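Student: Input: one structure, supplied below.
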Amino acid sequence: MNRFDYVRPATVSEAVAAAGVPGSAYLAGGTNLLDLMKGGIVSPQRLIDVSRLPGLDRIEPLPDGGVRIGACVRNADLAYDPTVSKCFPAVAEALLSGASAQLRNAATVGGNLLQRTRCAYFYDPASACNKRQLGSGCDARGGENRLYAVLGWSQSCIATHPSDFCVPLAALDAMVEIEGQAGRREVALEDFHLLPGVTPERESVLAPGELVVAVRLPGAATRFATHARYLKLRERTSYAFAVVSAAACLHIEDEVIAEARLAFGGVAAKPWRARAAEAALAEARPSGDNAFKIELAWRIVVRALALAAAGTPERVPALPASPFAPGGALHD
Amino acid sequence: MSLSITLMINGTQRTVDLDDPRVTLLDLLRERLDLTGTKKGCDRGQCGACTVLLDGRRINSCLALAVSQDGAEVLTIEGLTQGEALHPVQAAFIAHDAFQCGFCTPGQIMSAVGLIQEGWAADDPERVREGMSGNLCRCGAYRGITEAVVEAQRSLAQAERKEAA
């Protein structure tokens with residue numbers, strides 16, 4: 001790990017001011033950043049510890065029935081929060097299907113949004129990677145790429161965003177609150193992550209030094225609470241990233257689907273909100289040896305929608321988001 | 001740059017001057033405080049051998065910077081016994097042959113203690129397996145581990161009921 005300076009500002013504005021120094025990086029749970037630093041993938045000169053900034057660890061109800069989630073709320077605390085489990089169950093299920101219990105106790109909301117891809121070529125300093133070193137090329141394109149993007153990829157990068165949490169957030173119109181030296185602004189979660197194009201090193205709309213301070217789920221999203229699922233296909237049953245995943249949320253009135261929300265994970269550099277599912281998947285094309293993911297994405301949509309229609313289970317199933325586990329299969 | 005931190009480790013307050021902010025909680029325990037029960041397996045948050053309780057919650061100590069934990073309470077495998085008496089999770093691991101080489105065992109046990117305190121798995125083996133998925137065992141003692149955690153959970157719940165009565 002490279003040497004770095006460590007600072008722990010007392011307030012959000014102090015943190016944002018401290019981040020004005022080039023080479024700075026924010027540290028919260030550290031579960032992704034320290035891993036990247038140990039591997040020599042990133043080498044910040046200065047860590048700004050935001051893990052204890054006042055106010056960022058709260059989950060607050062909003063007047064419209066939604067919730068505002070501070071950026072430093074730990075994944076486990078969010079997943080087991082009674083309001084989140086009851087009103088936004090697909091968010092809880094997605095969180096509990098991610099990482100391990102130890103990591104969920106440390107990893108934060110802001111860190112989840114900003115975690116880096118797990119593309120093996122990004123993680124290997126000996127490989128060419130435009131995300132790590134712009135212009136060096138993309139060894140994933142001709143390499144072992146079966147797990148990588150089928151939507152929104154470019155010649156320069158085929159990496160996927162690994163988050164489970166962001167998938168239902170995209171489906172439910174979550175908003176991201178951002179603080180910078182110019183003040184506060186907010187963007188839709190759906191617009192927060194960037195597709196690679198020719199600038200794969202730019203992964204989000206954050207300007208240098210900007211800090212995610214909260215994520216908001218709107219009250220309108222609670223109408224999906226009784227018919228909402230997150231489903232995730234992995235190469236092993238637990239503690240693995242999604243090959244493909246889907247959040248399906250239905251608003252059912254008088255036995256008719258009044259509104260459906262659908263988003264995919266594991267298919268692109270961002271959670272892919274499928275506003276017109278058919279049109280979106282019609283555009284999918286393999287970036288390498290991964291044509292199977294397009295078929296798999298279709299199937300997981302059908303399964304996730306059918307499960308959502310059957311109703312949100314009383315409790316997150318024993319194997320969260322697994323299509324094979326009790327509560328995941330259509331007929332147990 | 002010298003950074004002084006104070007931690008409550010296994011009930012004892014320890015103040016440490018760190019000459020370098022790169023020290024992880026795991027390295028602090030093993031290399032500076034001589035608490036080598038916590039193991040370094042992958043050092044990248046994938047194996048769970050370094051699991052400790054930080055403020056009562058299980059975490060991977062290899063991915064926690066020590067300097068960022070100033071003021072925290074840490075419980076390691078060394079702090080689990082009450083004198084000579086084994087913790088119920090430790091006793092259950094022995095009773096159920098829940099290890100072979102033993103390298104992952106301190107992390108498994110601390111993770112199990114954390115899981116039982118979290119309360120969501122209770123004695124459901126499926127939920128216990130899911131809840132322990134962040135702890136790898138290369139000897140493959142998973143069956144015994146699951147049985148041990150289920151039994152320890154039951155005996156701790158029973159003890160709690162007795163205390164309440």
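Every chain in the structure tokens has a letter given in the order shown (A, B, ...), and although residue numbers restart at 1 in each chain, ligands are simply numbered from 1 in the order shown.
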Which chain B residues have any atom within 8 Å of an atom of chain A, and for each, what is the nearest pair of atoms with distance in Å to one decimal, counting only C-alpha atoms, rows sorted by chain and number, as CSV?
Tutor:
residue,atom,partner,partner_atom,distance
B:Pro21,CA,A:Tyr6,CA,6.5
B:Arg22,CA,A:Arg3,CA,7.1
B:Arg44,CA,A:Asp35,CA,5.6
B:Gly45,CA,A:Thr31,CA,7.4
B:Gly48,CA,A:Gln102,CA,7.8
B:Thr51,CA,A:Gln102,CA,7.4
B:Arg57,CA,A:Asn105,CA,6.8
B:Arg58,CA,A:Gln102,CA,5.3
B:Ile59,CA,A:Gln102,CA,4.2
B:Asn60,CA,A:Gln102,CA,5.9
B:Leu63,CA,A:Thr31,CA,5.5
B:Ala64,CA,A:Gly30,CA,6.4
B:Leu65,CA,A:Gly30,CA,7.7
B:Ser68,CA,A:Asp49,CA,7.2
B:Ser111,CA,A:Gln102,CA,7.7
B:Glu126,CA,A:Ala318,CA,6.1
B:Arg127,CA,A:Ala318,CA,4.9
B:Glu130,CA,A:Leu319,CA,6.3
B:Gly131,CA,A:Ala101,CA,6.3
B:Met132,CA,A:Ala101,CA,7.5
B:Ser133,CA,A:Tyr239,CA,6.2
B:Gly134,CA,A:Ser100,CA,4.7
Student: Got time to write the residues from that selection, C-alpha atoms, as a compact mmCIF listing (two decimals), in the first residue's frame?
Tutor:
# COMPACT_ATOMS: atom_id res chain seq x y z
CA PRO B 21 -1.76 5.44 9.14
CA ARG B 22 -1.54 2.36 6.89
CA ARG B 44 -8.38 -8.69 1.30
CA GLY B 45 -11.77 -9.24 2.95
CA GLY B 48 -13.10 -14.00 7.13
CA THR B 51 -13.11 -11.46 11.90
CA ARG B 57 -20.45 -6.10 15.33
CA ARG B 58 -18.42 -8.56 13.29
CA ILE B 59 -16.14 -7.03 10.69
CA ASN B 60 -13.08 -8.00 8.64
CA LEU B 63 -10.13 -3.93 5.79
CA ALA B 64 -10.34 -1.54 8.75
CA LEU B 65 -7.68 1.12 9.21
CA SER B 68 -10.15 5.21 11.81
CA SER B 111 -18.35 -14.52 13.21
CA GLU B 126 -30.09 -22.43 6.03
CA ARG B 127 -29.87 -18.96 7.57
CA GLU B 130 -25.94 -17.86 4.69
CA GLY B 131 -24.93 -15.84 7.75
CA MET B 132 -21.54 -17.59 7.91
CA SER B 133 -20.80 -17.33 4.18
CA GLY B 134 -18.13 -14.69 4.79
Student: At a cut-off of 10 Å, using only C-alpha atoms, what residues contact stretch 10-21 of chain A? Leave out same-chain residues fewer than 3 positions from it and give the result as a list in words.
Tutor: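 Near stretch 10-21 of chain A, the qualifying residues are Val7, Ser24, Ala25, Tyr26, Gln45, Arg46, Leu47, Ile48, Asp49, Val50, Arg52, Leu53, Pro54, Gly55, Leu56, Glu179, Gly180, Gln181, Ala182, Gly183, Pro208, Gly209, Glu210, Leu211 and Val213 of chain A.
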Student: What's the 10 Å shell around A:Ala79, counting only C-alpha atoms, without same-chain residues fewer than 5 positions away, as a ChimeraX atom specification?
Tutor: /A:74,84-85,88-96,104,165,316
Student: Convert the current residue selection to file output with C-alpha atoms, as a PDB file, in the first residue's frame.
Tutor:
ATOM      1  CA  ARG A  74     -23.907   0.817   7.142  1.00  0.00           C
ATOM      2  CA  VAL A  84     -36.835  -0.011   4.883  1.00  0.00           C
ATOM      3  CA  SER A  85     -37.748  -3.709   5.252  1.00  0.00           C
ATOM      4  CA  PHE A  88     -38.806  -0.849   0.394  1.00  0.00           C
ATOM      5  CA  PRO A  89     -38.336  -4.627   0.687  1.00  0.00           C
ATOM      6  CA  ALA A  90     -36.468  -5.014  -2.626  1.00  0.00           C
ATOM      7  CA  VAL A  91     -33.803  -2.662  -1.235  1.00  0.00           C
ATOM      8  CA  ALA A  92     -33.429  -4.819   1.888  1.00  0.00           C
ATOM      9  CA  GLU A  93     -33.271  -8.032  -0.144  1.00  0.00           C
ATOM     10  CA  ALA A  94     -30.665  -6.591  -2.519  1.00  0.00           C
ATOM     11  CA  LEU A  95     -28.491  -5.421   0.371  1.00  0.00           C
ATOM     12  CA  LEU A  96     -28.695  -8.797   2.120  1.00  0.00           C
ATOM     13  CA  ARG A 104     -22.246  -5.390   5.320  1.00  0.00           C
ATOM     14  CA  PHE A 165     -28.235  -2.084  -3.747  1.00  0.00           C
ATOM     15  CA  VAL A 316     -36.377 -11.837   3.359  1.00  0.00           C
TER      16      VAL A 316
END
Student: To one decimal place in Å, what is the distance between atom CA of B:Gly102 and atom CA of B:Gly11?
Tutor: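 Going from atom CA of B:Gly102 over to atom CA of B:Gly11, I get 25.2 Å.
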Student: Give me the residues within 8 Å of stretch 35-43 of chain B as a ChimeraX atom specification, counting only C-alpha atoms and dropping any in the same chain fewer than 3 places off.
Tutor: /B:26,29-31,46-52,62-63,76-78,103-104,106-107
Student: Quick one: residues within 12 Å of A:Glu295, only C-alpha atoms counted, chain neighbours fewer than 6 positions away excluded, as a VMD selection string?
Tutor: chain A and resid 150 243 to 244 267 281 to 282 284 to 286 301 to 302
Student: Let's see if you can do this: from backbone DSSP, list all alpha helix (DSSP H) residues in stretch 24-155 of chain B, as an MDAnalysis selection string.
Tutor: chainID B and resid 25:27 88:95 105:118 125:131 142:155
Student: Based on DSSP run over this structure's backbone, return all residues of stretch 31-165 of chain B in strand (DSSP E), as a list in words.
Tutor: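 The residues of stretch 31-165 of chain B classed as strand (DSSP E) are Thr51, Val52, Leu53, Leu54, Arg57, Arg58, Ile59, Asn60, Glu73, Val74 and Leu75 of chain B.
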Student: From the options B:Leu18, B:Ala98, B:Cys139, B:Leu28, which residue's atoms come nearest to B:Val74, counting only C-alpha atoms?
Tutor: B:Leu28
Student: Using only C-alpha atoms, which protein or nucleic acid residues come within 9 Å of A:Arg58? Drop anything in the same chain fewer than 5 positions from it, and give the result as a list in words.
Tutor: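 So the residues in contact are Arg68, Ile69, Gly70, Ala71, Cys72 and Val73 of chain A.
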Student: Could you work out how far atom CA of B:Asp17 lies from atom CA of B:Leu3, giving the answer in Å with one decimal?
Tutor: 5.6 Å
Student: Out of B:Ile145, B:Val128, B:Val67, B:Leu115, which residue has the shortest atom-to-atom distance to B:Gln100 when counting only C-alpha atoms?
Tutor: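 Between B:Ile145, B:Val128, B:Val67, B:Leu115, the residue approaching B:Gln100 most closely is B:Ile145.
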